[in-house]
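Have a look at start_12.cif below; it lists mmCIF, C-alpha atoms; chains and numbers go by the auth columns.
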```
data_protein
loop_
_atom_site.group_PDB
_atom_site.id
_atom_site.type_symbol
_atom_site.label_atom_id
_atom_site.label_comp_id
_atom_site.label_asym_id
_atom_site.label_seq_id
_atom_site.Cartn_x
_atom_site.Cartn_y
_atom_site.Cartn_z
_atom_site.B_iso_or_equiv
_atom_site.auth_seq_id
_atom_site.auth_asym_id
ATOM 1 C CA MET A 1 84.520 -90.190 -60.427 0.00 1 A
ATOM 2 C CA ALA A 2 85.391 -86.594 -59.896 0.00 2 A
ATOM 3 C CA CYS A 3 88.939 -85.688 -59.436 0.00 3 A
ATOM 4 C CA THR A 4 90.130 -84.331 -56.163 0.00 4 A
ATOM 5 C CA SER A 5 90.905 -81.084 -57.829 0.00 5 A
ATOM 6 C CA ASP A 6 87.239 -80.727 -58.786 0.00 6 A
ATOM 7 C CA LEU A 7 86.044 -80.758 -55.131 0.00 7 A
ATOM 8 C CA PRO A 8 84.876 -77.423 -53.762 0.00 8 A
ATOM 9 C CA THR A 9 87.476 -75.645 -51.767 0.00 9 A
ATOM 10 C CA ASN A 10 85.136 -73.745 -49.434 0.00 10 A
ATOM 11 C CA LEU A 11 83.908 -76.717 -47.301 0.00 11 A
ATOM 12 C CA PRO A 12 84.136 -76.314 -43.489 0.00 12 A
ATOM 13 C CA PRO A 13 86.949 -78.168 -41.772 0.00 13 A
ATOM 14 C CA PRO A 14 86.120 -81.660 -40.575 0.00 14 A
ATOM 15 C CA LEU A 15 84.912 -82.058 -36.990 0.00 15 A
ATOM 16 C CA SER A 16 87.475 -83.123 -34.471 0.00 16 A
ATOM 17 C CA PRO A 17 86.572 -86.144 -32.331 0.00 17 A
ATOM 18 C CA LEU A 18 86.424 -83.909 -29.272 0.00 18 A
ATOM 19 C CA SER A 19 84.038 -81.382 -30.728 0.00 19 A
ATOM 20 C CA ALA A 20 81.873 -84.058 -32.307 0.00 20 A
ATOM 21 C CA HIS A 21 81.243 -85.704 -28.933 0.00 21 A
ATOM 22 C CA ARG A 22 80.528 -82.533 -27.008 0.00 22 A
ATOM 23 C CA ARG A 23 76.809 -81.981 -27.150 0.00 23 A
ATOM 24 C CA ASP A 24 77.186 -78.355 -26.192 0.00 24 A
ATOM 25 C CA SER A 25 79.639 -77.657 -28.961 0.00 25 A
ATOM 26 C CA PRO A 26 78.168 -75.435 -31.675 0.00 26 A
ATOM 27 C CA LEU A 27 80.181 -77.422 -34.142 0.00 27 A
ATOM 28 C CA ALA A 28 78.221 -80.544 -33.261 0.00 28 A
ATOM 29 C CA HIS A 29 75.044 -78.724 -34.354 0.00 29 A
ATOM 30 C CA PRO A 30 76.102 -76.293 -37.070 0.00 30 A
ATOM 31 C CA TYR A 31 72.566 -74.928 -37.411 0.00 31 A
ATOM 32 C CA ARG A 32 71.897 -74.335 -33.653 0.00 32 A
ATOM 33 C CA PRO A 33 72.762 -70.904 -32.363 0.00 33 A
ATOM 34 C CA VAL A 34 75.433 -70.615 -29.714 0.00 34 A
ATOM 35 C CA PRO A 35 73.699 -70.814 -26.302 0.00 35 A
ATOM 36 C CA ASP A 36 73.935 -67.935 -23.868 0.00 36 A
ATOM 37 C CA PRO A 37 76.272 -68.414 -20.939 0.00 37 A
ATOM 38 C CA LEU A 38 74.771 -70.182 -17.946 0.00 38 A
ATOM 39 C CA PRO A 39 73.176 -67.830 -15.424 0.00 39 A
ATOM 40 C CA PRO A 40 75.208 -67.209 -12.294 0.00 40 A
ATOM 41 C CA LYS A 41 74.634 -69.660 -9.499 0.00 41 A
ATOM 42 C CA ARG A 42 72.216 -68.495 -6.885 0.00 42 A
ATOM 43 C CA LYS A 43 73.930 -67.792 -3.604 0.00 43 A
ATOM 44 C CA ALA A 44 73.079 -70.122 -0.782 0.00 44 A
ATOM 45 C CA PRO A 45 71.043 -68.436 1.919 0.00 45 A
ATOM 46 C CA ALA A 46 73.170 -67.133 4.732 0.00 46 A
ATOM 47 C CA ALA A 47 73.221 -69.322 7.770 0.00 47 A
ATOM 48 C CA GLU A 48 70.972 -68.119 10.531 0.00 48 A
ATOM 49 C CA SER A 49 72.761 -66.404 13.335 0.00 49 A
ATOM 50 C CA SER A 50 73.116 -68.192 16.612 0.00 50 A
ATOM 51 C CA SER A 51 70.941 -65.565 18.250 0.00 51 A
ATOM 52 C CA SER A 52 67.968 -66.442 16.058 0.00 52 A
ATOM 53 C CA SER A 53 68.231 -70.111 16.912 0.00 53 A
ATOM 54 C CA SER A 54 68.656 -69.497 20.599 0.00 54 A
ATOM 55 C CA ALA A 55 65.838 -68.840 23.000 0.00 55 A
ATOM 56 C CA PRO A 56 64.421 -65.320 22.740 0.00 56 A
ATOM 57 C CA ARG A 57 65.730 -62.897 25.298 0.00 57 A
ATOM 58 C CA GLU A 58 63.418 -61.607 27.967 0.00 58 A
ATOM 59 C CA LYS A 59 62.209 -58.155 27.053 0.00 59 A
ATOM 60 C CA PRO A 60 61.686 -55.630 29.839 0.00 60 A
ATOM 61 C CA SER A 61 58.132 -54.430 30.310 0.00 61 A
ATOM 62 C CA LYS A 62 57.113 -50.797 30.263 0.00 62 A
ATOM 63 C CA LEU A 63 57.120 -50.845 34.065 0.00 63 A
ATOM 64 C CA ALA A 64 60.653 -52.259 34.153 0.00 64 A
ATOM 65 C CA LYS A 65 61.859 -49.589 31.735 0.00 65 A
ATOM 66 C CA GLU A 66 60.281 -46.856 33.843 0.00 66 A
ATOM 67 C CA HIS A 67 62.309 -47.975 36.842 0.00 67 A
ATOM 68 C CA ASN A 68 65.460 -48.889 34.903 0.00 68 A
ATOM 69 C CA ILE A 69 65.493 -52.555 35.871 0.00 69 A
ATOM 70 C CA SER A 70 65.938 -55.639 33.727 0.00 70 A
ATOM 71 C CA ALA A 71 63.247 -58.140 32.810 0.00 71 A
ATOM 72 C CA ARG A 72 64.944 -60.690 35.072 0.00 72 A
ATOM 73 C CA GLU A 73 64.946 -58.275 38.018 0.00 73 A
ATOM 74 C CA GLU A 74 61.256 -57.518 37.538 0.00 74 A
ATOM 75 C CA ARG A 75 60.482 -61.245 37.319 0.00 75 A
ATOM 76 C CA GLU A 76 62.269 -61.830 40.613 0.00 76 A
ATOM 77 C CA ILE A 77 60.388 -58.933 42.224 0.00 77 A
ATOM 78 C CA LYS A 78 57.108 -60.369 40.994 0.00 78 A
ATOM 79 C CA GLU A 79 57.949 -63.796 42.414 0.00 79 A
ATOM 80 C CA ALA A 80 58.772 -62.287 45.807 0.00 80 A
ATOM 81 C CA PHE A 81 55.534 -60.277 45.694 0.00 81 A
ATOM 82 C CA ALA A 82 53.576 -63.433 44.832 0.00 82 A
ATOM 83 C CA LEU A 83 54.935 -65.210 47.915 0.00 83 A
ATOM 84 C CA PHE A 84 52.801 -62.952 50.121 0.00 84 A
ATOM 85 C CA ALA A 85 50.174 -61.575 47.739 0.00 85 A
ATOM 86 C CA GLU A 86 46.480 -61.743 48.504 0.00 86 A
ATOM 87 C CA PRO A 87 43.637 -61.295 45.996 0.00 87 A
ATOM 88 C CA LEU A 88 41.823 -57.966 45.845 0.00 88 A
ATOM 89 C CA ASP A 89 39.168 -56.759 43.428 0.00 89 A
ATOM 90 C CA GLY A 90 40.600 -54.390 40.854 0.00 90 A
ATOM 91 C CA GLU A 91 44.193 -55.524 41.365 0.00 91 A
ATOM 92 C CA LYS A 92 45.300 -58.017 38.720 0.00 92 A
ATOM 93 C CA ASP A 93 48.398 -59.053 40.655 0.00 93 A
ATOM 94 C CA GLY A 94 46.723 -58.858 44.047 0.00 94 A
ATOM 95 C CA VAL A 95 48.164 -56.911 46.968 0.00 95 A
ATOM 96 C CA ILE A 96 50.810 -57.587 49.573 0.00 96 A
ATOM 97 C CA PRO A 97 50.084 -56.966 53.273 0.00 97 A
ATOM 98 C CA THR A 98 52.308 -54.175 54.551 0.00 98 A
ATOM 99 C CA LYS A 99 53.500 -56.443 57.373 0.00 99 A
ATOM 100 C CA ASP A 100 55.076 -58.710 54.737 0.00 100 A
ATOM 101 C CA VAL A 101 56.826 -56.012 52.693 0.00 101 A
ATOM 102 C CA ARG A 102 60.086 -56.371 54.609 0.00 102 A
ATOM 103 C CA ARG A 103 60.030 -60.170 54.316 0.00 103 A
ATOM 104 C CA ALA A 104 59.473 -59.964 50.565 0.00 104 A
ATOM 105 C CA MET A 105 62.388 -57.554 50.195 0.00 105 A
ATOM 106 C CA ILE A 106 64.593 -59.830 52.278 0.00 106 A
ATOM 107 C CA ALA A 107 63.715 -62.668 49.904 0.00 107 A
ATOM 108 C CA LEU A 108 65.057 -60.447 47.111 0.00 108 A
ATOM 109 C CA GLY A 109 68.284 -59.787 48.991 0.00 109 A
ATOM 110 C CA ILE A 110 67.498 -56.077 49.445 0.00 110 A
ATOM 111 C CA PRO A 111 66.386 -55.779 53.090 0.00 111 A
ATOM 112 C CA PRO A 112 65.426 -52.229 54.125 0.00 112 A
ATOM 113 C CA SER A 113 66.583 -50.619 57.332 0.00 113 A
ATOM 114 C CA LYS A 114 63.932 -49.625 59.878 0.00 114 A
ATOM 115 C CA ALA A 115 64.042 -46.019 58.688 0.00 115 A
ATOM 116 C CA GLU A 116 63.818 -47.084 55.025 0.00 116 A
ATOM 117 C CA LEU A 117 60.921 -49.413 55.789 0.00 117 A
ATOM 118 C CA ARG A 118 58.920 -46.618 57.447 0.00 118 A
ATOM 119 C CA GLU A 119 59.514 -44.408 54.422 0.00 119 A
ATOM 120 C CA PHE A 120 58.570 -47.190 51.993 0.00 120 A
ATOM 121 C CA LEU A 121 55.354 -47.999 53.840 0.00 121 A
ATOM 122 C CA GLU A 122 54.315 -44.349 53.652 0.00 122 A
ATOM 123 C CA ILE A 123 54.764 -44.575 49.895 0.00 123 A
ATOM 124 C CA LEU A 124 53.141 -47.985 49.523 0.00 124 A
ATOM 125 C CA ASP A 125 50.178 -47.424 51.829 0.00 125 A
ATOM 126 C CA PRO A 126 49.532 -43.694 52.281 0.00 126 A
ATOM 127 C CA ASP A 127 45.940 -44.326 53.431 0.00 127 A
ATOM 128 C CA GLU A 128 47.040 -47.012 55.906 0.00 128 A
ATOM 129 C CA GLU A 129 44.785 -49.666 54.419 0.00 129 A
ATOM 130 C CA GLY A 130 47.206 -52.401 55.394 0.00 130 A
ATOM 131 C CA HIS A 131 48.270 -53.507 51.916 0.00 131 A
ATOM 132 C CA ALA A 132 50.299 -52.408 48.905 0.00 132 A
ATOM 133 C CA ALA A 133 49.766 -52.881 45.169 0.00 133 A
ATOM 134 C CA TYR A 134 52.260 -54.436 42.799 0.00 134 A
ATOM 135 C CA GLU A 135 53.475 -51.396 40.853 0.00 135 A
ATOM 136 C CA PRO A 136 54.447 -49.290 43.896 0.00 136 A
ATOM 137 C CA PHE A 137 56.180 -52.363 45.310 0.00 137 A
ATOM 138 C CA VAL A 138 58.236 -52.641 42.104 0.00 138 A
ATOM 139 C CA ALA A 139 59.164 -48.970 42.474 0.00 139 A
ATOM 140 C CA ILE A 140 60.625 -49.296 45.977 0.00 140 A
ATOM 141 C CA CYS A 141 62.402 -52.545 45.116 0.00 141 A
ATOM 142 C CA ALA A 142 63.966 -50.828 42.099 0.00 142 A
ATOM 143 C CA LEU A 143 65.200 -48.052 44.401 0.00 143 A
ATOM 144 C CA GLN A 144 66.804 -50.629 46.671 0.00 144 A
ATOM 145 C CA LEU A 145 68.370 -52.490 43.757 0.00 145 A
ATOM 146 C CA HIS A 146 69.962 -49.296 42.457 0.00 146 A
ATOM 147 C CA ALA A 147 71.180 -48.322 45.933 0.00 147 A
ATOM 148 C CA LYS A 148 72.426 -51.783 46.835 0.00 148 A
ATOM 149 C CA GLY A 149 76.117 -51.881 47.635 0.00 149 A
ATOM 150 C CA PRO A 150 78.463 -54.537 48.953 0.00 150 A
ATOM 151 C CA ALA A 151 77.169 -55.803 52.282 0.00 151 A
ATOM 152 C CA ASP A 152 79.319 -56.849 55.210 0.00 152 A
ATOM 153 C CA ALA A 153 79.447 -60.442 56.396 0.00 153 A
ATOM 154 C CA SER A 154 77.113 -59.947 59.350 0.00 154 A
ATOM 155 C CA ALA A 155 74.456 -58.301 57.185 0.00 155 A
ATOM 156 C CA VAL A 156 74.661 -61.124 54.641 0.00 156 A
ATOM 157 C CA SER A 157 74.367 -63.723 57.395 0.00 157 A
ATOM 158 C CA ALA A 158 71.214 -62.038 58.717 0.00 158 A
ATOM 159 C CA GLU A 159 69.734 -61.979 55.215 0.00 159 A
ATOM 160 C CA VAL A 160 70.476 -65.671 54.721 0.00 160 A
ATOM 161 C CA ASP A 161 68.845 -66.515 58.050 0.00 161 A
ATOM 162 C CA GLU A 162 65.730 -64.552 57.171 0.00 162 A
ATOM 163 C CA ALA A 163 65.479 -66.028 53.670 0.00 163 A
ATOM 164 C CA PHE A 164 65.954 -69.565 55.005 0.00 164 A
ATOM 165 C CA ARG A 165 63.149 -69.016 57.527 0.00 165 A
ATOM 166 C CA LEU A 166 60.906 -67.829 54.691 0.00 166 A
ATOM 167 C CA PHE A 167 61.400 -71.150 52.931 0.00 167 A
ATOM 168 C CA THR A 168 61.037 -73.286 56.026 0.00 168 A
ATOM 169 C CA GLY A 169 58.093 -71.408 57.482 0.00 169 A
ATOM 170 C CA GLY A 170 60.101 -70.021 60.384 0.00 170 A
ATOM 171 C CA ALA A 171 61.093 -73.327 61.997 0.00 171 A
ATOM 172 C CA ASP A 172 64.407 -72.598 63.733 0.00 172 A
ATOM 173 C CA GLY A 173 67.104 -75.179 63.104 0.00 173 A
ATOM 174 C CA ALA A 174 64.872 -77.319 60.885 0.00 174 A
ATOM 175 C CA PRO A 175 66.177 -78.290 57.428 0.00 175 A
ATOM 176 C CA LEU A 176 64.537 -77.208 54.203 0.00 176 A
ATOM 177 C CA THR A 177 62.434 -80.175 53.071 0.00 177 A
ATOM 178 C CA LEU A 178 60.561 -81.356 50.026 0.00 178 A
ATOM 179 C CA ALA A 179 57.301 -80.246 51.663 0.00 179 A
ATOM 180 C CA HIS A 180 58.681 -76.708 52.040 0.00 180 A
ATOM 181 C CA LEU A 181 59.629 -76.533 48.358 0.00 181 A
ATOM 182 C CA LYS A 182 56.192 -77.806 47.341 0.00 182 A
ATOM 183 C CA ARG A 183 54.564 -75.095 49.462 0.00 183 A
ATOM 184 C CA VAL A 184 56.695 -72.382 47.873 0.00 184 A
ATOM 185 C CA ALA A 185 55.912 -73.698 44.372 0.00 185 A
ATOM 186 C CA MET A 186 52.182 -73.697 45.134 0.00 186 A
ATOM 187 C CA THR A 187 52.398 -70.177 46.537 0.00 187 A
ATOM 188 C CA LEU A 188 54.106 -68.999 43.363 0.00 188 A
ATOM 189 C CA LYS A 189 51.505 -70.909 41.317 0.00 189 A
ATOM 190 C CA GLN A 190 54.300 -72.865 39.626 0.00 190 A
ATOM 191 C CA ASP A 191 53.601 -76.393 38.411 0.00 191 A
ATOM 192 C CA VAL A 192 56.968 -77.970 39.269 0.00 192 A
ATOM 193 C CA ASP A 193 57.525 -81.693 38.866 0.00 193 A
ATOM 194 C CA GLU A 194 58.197 -83.391 42.215 0.00 194 A
ATOM 195 C CA GLN A 195 61.223 -85.189 40.820 0.00 195 A
ATOM 196 C CA LEU A 196 62.771 -81.847 39.934 0.00 196 A
ATOM 197 C CA LEU A 197 62.289 -80.650 43.508 0.00 197 A
ATOM 198 C CA LYS A 198 63.926 -83.844 44.775 0.00 198 A
ATOM 199 C CA ASP A 199 66.853 -83.315 42.413 0.00 199 A
ATOM 200 C CA MET A 200 67.248 -79.773 43.737 0.00 200 A
ATOM 201 C CA ILE A 201 67.497 -81.094 47.286 0.00 201 A
ATOM 202 C CA LEU A 202 70.002 -83.776 46.301 0.00 202 A
ATOM 203 C CA GLU A 203 72.125 -81.268 44.416 0.00 203 A
ATOM 204 C CA ALA A 204 72.108 -78.912 47.408 0.00 204 A
ATOM 205 C CA ASN A 205 72.996 -81.532 50.034 0.00 205 A
ATOM 206 C CA GLY A 206 75.508 -83.427 47.917 0.00 206 A
ATOM 207 C CA GLY A 207 73.319 -86.490 47.445 0.00 207 A
ATOM 208 C CA ALA A 208 72.762 -87.107 51.147 0.00 208 A
ATOM 209 C CA GLY A 209 69.141 -88.073 50.523 0.00 209 A
ATOM 210 C CA VAL A 210 65.826 -86.318 49.959 0.00 210 A
ATOM 211 C CA ALA A 211 64.602 -87.121 53.493 0.00 211 A
ATOM 212 C CA ARG A 212 67.624 -85.350 55.027 0.00 212 A
ATOM 213 C CA GLY A 213 66.672 -82.039 53.440 0.00 213 A
ATOM 214 C CA VAL A 214 68.897 -78.984 53.044 0.00 214 A
ATOM 215 C CA SER A 215 70.721 -77.346 55.922 0.00 215 A
ATOM 216 C CA ARG A 216 71.011 -73.627 56.385 0.00 216 A
ATOM 217 C CA ARG A 217 74.678 -73.733 55.318 0.00 217 A
ATOM 218 C CA GLU A 218 73.874 -75.714 52.170 0.00 218 A
ATOM 219 C CA PHE A 219 71.055 -73.286 51.418 0.00 219 A
ATOM 220 C CA GLU A 220 73.501 -70.372 51.653 0.00 220 A
ATOM 221 C CA ASP A 221 75.967 -72.127 49.334 0.00 221 A
ATOM 222 C CA VAL A 222 73.261 -72.662 46.720 0.00 222 A
ATOM 223 C CA MET A 223 72.064 -69.067 46.939 0.00 223 A
ATOM 224 C CA ARG A 224 75.605 -67.740 46.643 0.00 224 A
ATOM 225 C CA ARG A 225 76.174 -69.817 43.526 0.00 225 A
ATOM 226 C CA ALA A 226 72.936 -68.427 42.141 0.00 226 A
ATOM 227 C CA GLY A 227 74.218 -64.890 42.730 0.00 227 A
ATOM 228 C CA ALA A 228 71.831 -63.898 45.522 0.00 228 A
ATOM 229 C CA TRP A 229 74.777 -63.049 47.764 0.00 229 A
ATOM 230 C CA LYS A 230 78.436 -62.470 47.017 0.00 230 A
#
```
Encoded form (C-alpha cells):
Amino acid sequence: MACTSDLPTNLPPPLSPLSAHRRDSPLAHPYRPVPDPLPPKRKAPAAESSSSSSAPREKPSKLAKEHNISAREEREIKEAFALFAEPLDGEKDGVIPTKDVRRAMIALGIPPSKAELREFLEILDPDEEGHAAYEPFVAICALQLHAKGPADASAVSAEVDEAFRLFTGGADGAPLTLAHLKRVAMTLKQDVDEQLLKDMILEANGGAGVARGVSRREFEDVMRRAGAWK
C-alpha cells in the first residue's frame, strides 16, 4: 500500500456535495465546456390598445370632408334624404322632391327660413325639374349645420312639432305608434326587429304600454336626450 506521502499532490479538490448535485455545474462534468449564459427572455407582446379592440370609428367620406362635416353628420343627412327620396335613373341615391326639402331639413333640426329655402331651391334645382340630387342636398345641409346657432324656445317647439308630424304622418294630436316606426324603418330600408321598436316605445313612454304609443312631449324628451335639441 502506498504511503500517503507518495500520492500525487496536483489532484483537483474533491467535489462539494452542492456542486456534485448541480447538473449545470461545470465541476459535475469536468470535461464539458462551460455553457454560454441563457439568452435574454423574449419580451411579452405589448397589450393591444383599447382603441384597437373597440369598434372602428366612422371615417368621413370624401364628400363629408369637402363640406367639413363628420361621418355621423353625413349619415344623418343621408337618412333624412332617404325619408323622401325617389328613384331616378343615373342617381345612385335617388332624388328628393323639392317640395320635401324643407321637411327633410326639419327632420335634421336645421329648418331653413323662407328666404333661405328659396335660395337653396335655386341651388338644388336650377332647371326647375322638381327634384334635387343627394350631393347638392348634402352641401346645403352642411351650410345650415355650420350656421346653426342656439335657437329660442318657440323655434325649437315648432321644430319638434314638425318632426313629430313627420313620424306620425301628419296626424294632429295622435301618438307615435308602432306602425309609424315600422313605416319609418321601411322608408329608410332598415331591417329593425319589431321587439326593438316596441322597446323604444316603452322606454319613451316610461313603460305605459306599446298600444299607448308615444306622446309629443315624450317624443321631445327622447330627442333632447339624443341631442337633436338643447
*Just how far from atom CA of A:Ile96 is atom CA of A:Leu143, in Å to one decimal?*
18.0 Å
*With distances taken over all atoms listed in the file, which of A:Lys78, A:Arg216, A:Lys62, A:Lys92 is nearest to A:Asp161?*
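Under the stated criterion, the closest residue is A:Arg216.
The smallest atom-to-atom distance between A:Pro112 and any of A:Asp221, A:Glu74, A:Asp89, A:Glu159, using only C-alpha atoms, is found for A:Glu159.
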*Which of these residues is nearest to A:Ala132, using only C-alpha atoms: A:Gln144, A:Asn205, A:Thr187, A:Thr98?*
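Nearest to A:Ala132: A:Thr98.
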*For each of A:Leu63, A:Met105, A:Leu202, A:Leu178, take the minimum atom-to-atom distance to A:Phe81, counting only C-alpha atoms, then give the residue where this is smallest.*
A:Met105
*When you draw a straight line from atom CA of A:Phe120 to atom CA of A:Gly169, how long is it in Å?*
24.8 Å
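In terms of minimum interatomic distance to A:Ser157, A:Arg224 ranks closest within A:Asp199, A:Arg224, A:Ala115, A:Gly94, counting only C-alpha atoms.
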*asked:* Would you compute the distance between atom CA of A:Gln195 and atom CA of A:Ala179? Give it in Å to one decimal.
replied: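 Answer for the atom CA of A:Gln195 to atom CA of A:Ala179 separation: 12.5 Å.
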_Residue by residue, what does the PyMOL selection byres ((chain A and resi 101) around 12) grab here? Present the result as a PyMOL selection string._
chain A and resi 77+80-85+95-100+102-108+110-112+114+116-118+120-125+130-134+136-138+140-141
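Counting all atoms listed in the file and comparing A:Arg183, A:Arg72, A:Arg57, A:His67, the residue that lies closest to A:Glu135 is A:His67.
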Write stretch 127-155 of chain A as a PDB file, in the frame of the given file, completed to N, CA and C atoms.
```pdb
ATOM      1  N   ASP A 127      47.227 -44.381  52.723  1.00  0.00           N
ATOM      2  CA  ASP A 127      45.940 -44.326  53.431  1.00  0.00           C
ATOM      3  C   ASP A 127      45.853 -45.336  54.567  1.00  0.00           C
ATOM      4  N   GLU A 128      46.963 -46.038  54.817  1.00  0.00           N
ATOM      5  CA  GLU A 128      47.040 -47.012  55.906  1.00  0.00           C
ATOM      6  C   GLU A 128      45.917 -48.053  55.825  1.00  0.00           C
ATOM      7  N   GLU A 129      45.790 -48.619  54.629  1.00  0.00           N
ATOM      8  CA  GLU A 129      44.785 -49.666  54.419  1.00  0.00           C
ATOM      9  C   GLU A 129      45.335 -51.051  54.760  1.00  0.00           C
ATOM     10  N   GLY A 130      46.618 -51.130  54.985  1.00  0.00           N
ATOM     11  CA  GLY A 130      47.206 -52.401  55.394  1.00  0.00           C
ATOM     12  C   GLY A 130      47.725 -53.257  54.259  1.00  0.00           C
ATOM     13  N   HIS A 131      47.749 -52.724  53.045  1.00  0.00           N
ATOM     14  CA  HIS A 131      48.270 -53.507  51.916  1.00  0.00           C
ATOM     15  C   HIS A 131      48.869 -52.579  50.867  1.00  0.00           C
ATOM     16  N   ALA A 132      49.640 -53.162  49.967  1.00  0.00           N
ATOM     17  CA  ALA A 132      50.299 -52.408  48.905  1.00  0.00           C
ATOM     18  C   ALA A 132      50.098 -53.118  47.574  1.00  0.00           C
ATOM     19  N   ALA A 133      49.955 -52.332  46.510  1.00  0.00           N
ATOM     20  CA  ALA A 133      49.766 -52.881  45.169  1.00  0.00           C
ATOM     21  C   ALA A 133      51.123 -53.230  44.541  1.00  0.00           C
ATOM     22  N   TYR A 134      51.053 -53.921  43.432  1.00  0.00           N
ATOM     23  CA  TYR A 134      52.260 -54.436  42.799  1.00  0.00           C
ATOM     24  C   TYR A 134      53.176 -53.332  42.256  1.00  0.00           C
ATOM     25  N   GLU A 135      52.625 -52.390  41.511  1.00  0.00           N
ATOM     26  CA  GLU A 135      53.475 -51.396  40.853  1.00  0.00           C
ATOM     27  C   GLU A 135      54.257 -50.530  41.841  1.00  0.00           C
ATOM     28  N   PRO A 136      53.642 -50.028  42.910  1.00  0.00           N
ATOM     29  CA  PRO A 136      54.447 -49.290  43.896  1.00  0.00           C
ATOM     30  C   PRO A 136      55.516 -50.169  44.547  1.00  0.00           C
ATOM     31  N   PHE A 137      55.199 -51.441  44.732  1.00  0.00           N
ATOM     32  CA  PHE A 137      56.180 -52.363  45.310  1.00  0.00           C
ATOM     33  C   PHE A 137      57.384 -52.495  44.385  1.00  0.00           C
ATOM     34  N   VAL A 138      57.133 -52.587  43.076  1.00  0.00           N
ATOM     35  CA  VAL A 138      58.236 -52.641  42.104  1.00  0.00           C
ATOM     36  C   VAL A 138      59.088 -51.384  42.228  1.00  0.00           C
ATOM     37  N   ALA A 139      58.445 -50.240  42.403  1.00  0.00           N
ATOM     38  CA  ALA A 139      59.164 -48.970  42.474  1.00  0.00           C
ATOM     39  C   ALA A 139      60.151 -48.936  43.642  1.00  0.00           C
ATOM     40  N   ILE A 140      59.715 -49.365  44.831  1.00  0.00           N
ATOM     41  CA  ILE A 140      60.625 -49.296  45.977  1.00  0.00           C
ATOM     42  C   ILE A 140      61.714 -50.369  45.879  1.00  0.00           C
ATOM     43  N   CYS A 141      61.370 -51.507  45.305  1.00  0.00           N
ATOM     44  CA  CYS A 141      62.402 -52.545  45.116  1.00  0.00           C
ATOM     45  C   CYS A 141      63.452 -52.078  44.113  1.00  0.00           C
ATOM     46  N   ALA A 142      63.014 -51.368  43.072  1.00  0.00           N
ATOM     47  CA  ALA A 142      63.966 -50.828  42.099  1.00  0.00           C
ATOM     48  C   ALA A 142      64.902 -49.832  42.772  1.00  0.00           C
ATOM     49  N   LEU A 143      64.362 -48.997  43.661  1.00  0.00           N
ATOM     50  CA  LEU A 143      65.200 -48.052  44.401  1.00  0.00           C
ATOM     51  C   LEU A 143      66.273 -48.783  45.199  1.00  0.00           C
ATOM     52  N   GLN A 144      65.854 -49.860  45.871  1.00  0.00           N
ATOM     53  CA  GLN A 144      66.804 -50.629  46.671  1.00  0.00           C
ATOM     54  C   GLN A 144      67.843 -51.328  45.804  1.00  0.00           C
ATOM     55  N   LEU A 145      67.424 -51.829  44.655  1.00  0.00           N
ATOM     56  CA  LEU A 145      68.370 -52.490  43.757  1.00  0.00           C
ATOM     57  C   LEU A 145      69.431 -51.511  43.269  1.00  0.00           C
ATOM     58  N   HIS A 146      69.005 -50.287  42.949  1.00  0.00           N
ATOM     59  CA  HIS A 146      69.962 -49.296  42.457  1.00  0.00           C
ATOM     60  C   HIS A 146      70.894 -48.824  43.571  1.00  0.00           C
ATOM     61  N   ALA A 147      70.378 -48.809  44.803  1.00  0.00           N
ATOM     62  CA  ALA A 147      71.180 -48.322  45.933  1.00  0.00           C
ATOM     63  C   ALA A 147      72.000 -49.419  46.584  1.00  0.00           C
ATOM     64  N   LYS A 148      71.774 -50.659  46.171  1.00  0.00           N
ATOM     65  CA  LYS A 148      72.426 -51.783  46.835  1.00  0.00           C
ATOM     66  C   LYS A 148      73.931 -51.746  46.612  1.00  0.00           C
ATOM     67  N   GLY A 149      74.658 -51.849  47.699  1.00  0.00           N
ATOM     68  CA  GLY A 149      76.117 -51.881  47.635  1.00  0.00           C
ATOM     69  C   GLY A 149      76.615 -53.154  48.268  1.00  0.00           C
ATOM     70  N   PRO A 150      77.919 -53.334  48.317  1.00  0.00           N
ATOM     71  CA  PRO A 150      78.463 -54.537  48.953  1.00  0.00           C
ATOM     72  C   PRO A 150      78.121 -54.565  50.439  1.00  0.00           C
ATOM     73  N   ALA A 151      77.560 -55.679  50.876  1.00  0.00           N
ATOM     74  CA  ALA A 151      77.169 -55.803  52.282  1.00  0.00           C
ATOM     75  C   ALA A 151      78.269 -56.488  53.075  1.00  0.00           C
ATOM     76  N   ASP A 152      78.321 -56.185  54.378  1.00  0.00           N
ATOM     77  CA  ASP A 152      79.319 -56.849  55.210  1.00  0.00           C
ATOM     78  C   ASP A 152      78.838 -58.256  55.558  1.00  0.00           C
ATOM     79  N   ALA A 153      79.737 -59.028  56.148  1.00  0.00           N
ATOM     80  CA  ALA A 153      79.447 -60.442  56.396  1.00  0.00           C
ATOM     81  C   ALA A 153      78.281 -60.632  57.347  1.00  0.00           C
ATOM     82  N   SER A 154      78.194 -59.793  58.378  1.00  0.00           N
ATOM     83  CA  SER A 154      77.113 -59.947  59.350  1.00  0.00           C
ATOM     84  C   SER A 154      75.753 -59.648  58.725  1.00  0.00           C
ATOM     85  N   ALA A 155      75.713 -58.639  57.844  1.00  0.00           N
ATOM     86  CA  ALA A 155      74.456 -58.301  57.185  1.00  0.00           C
ATOM     87  C   ALA A 155      74.017 -59.433  56.262  1.00  0.00           C
TER      88      ALA A 155
END
```
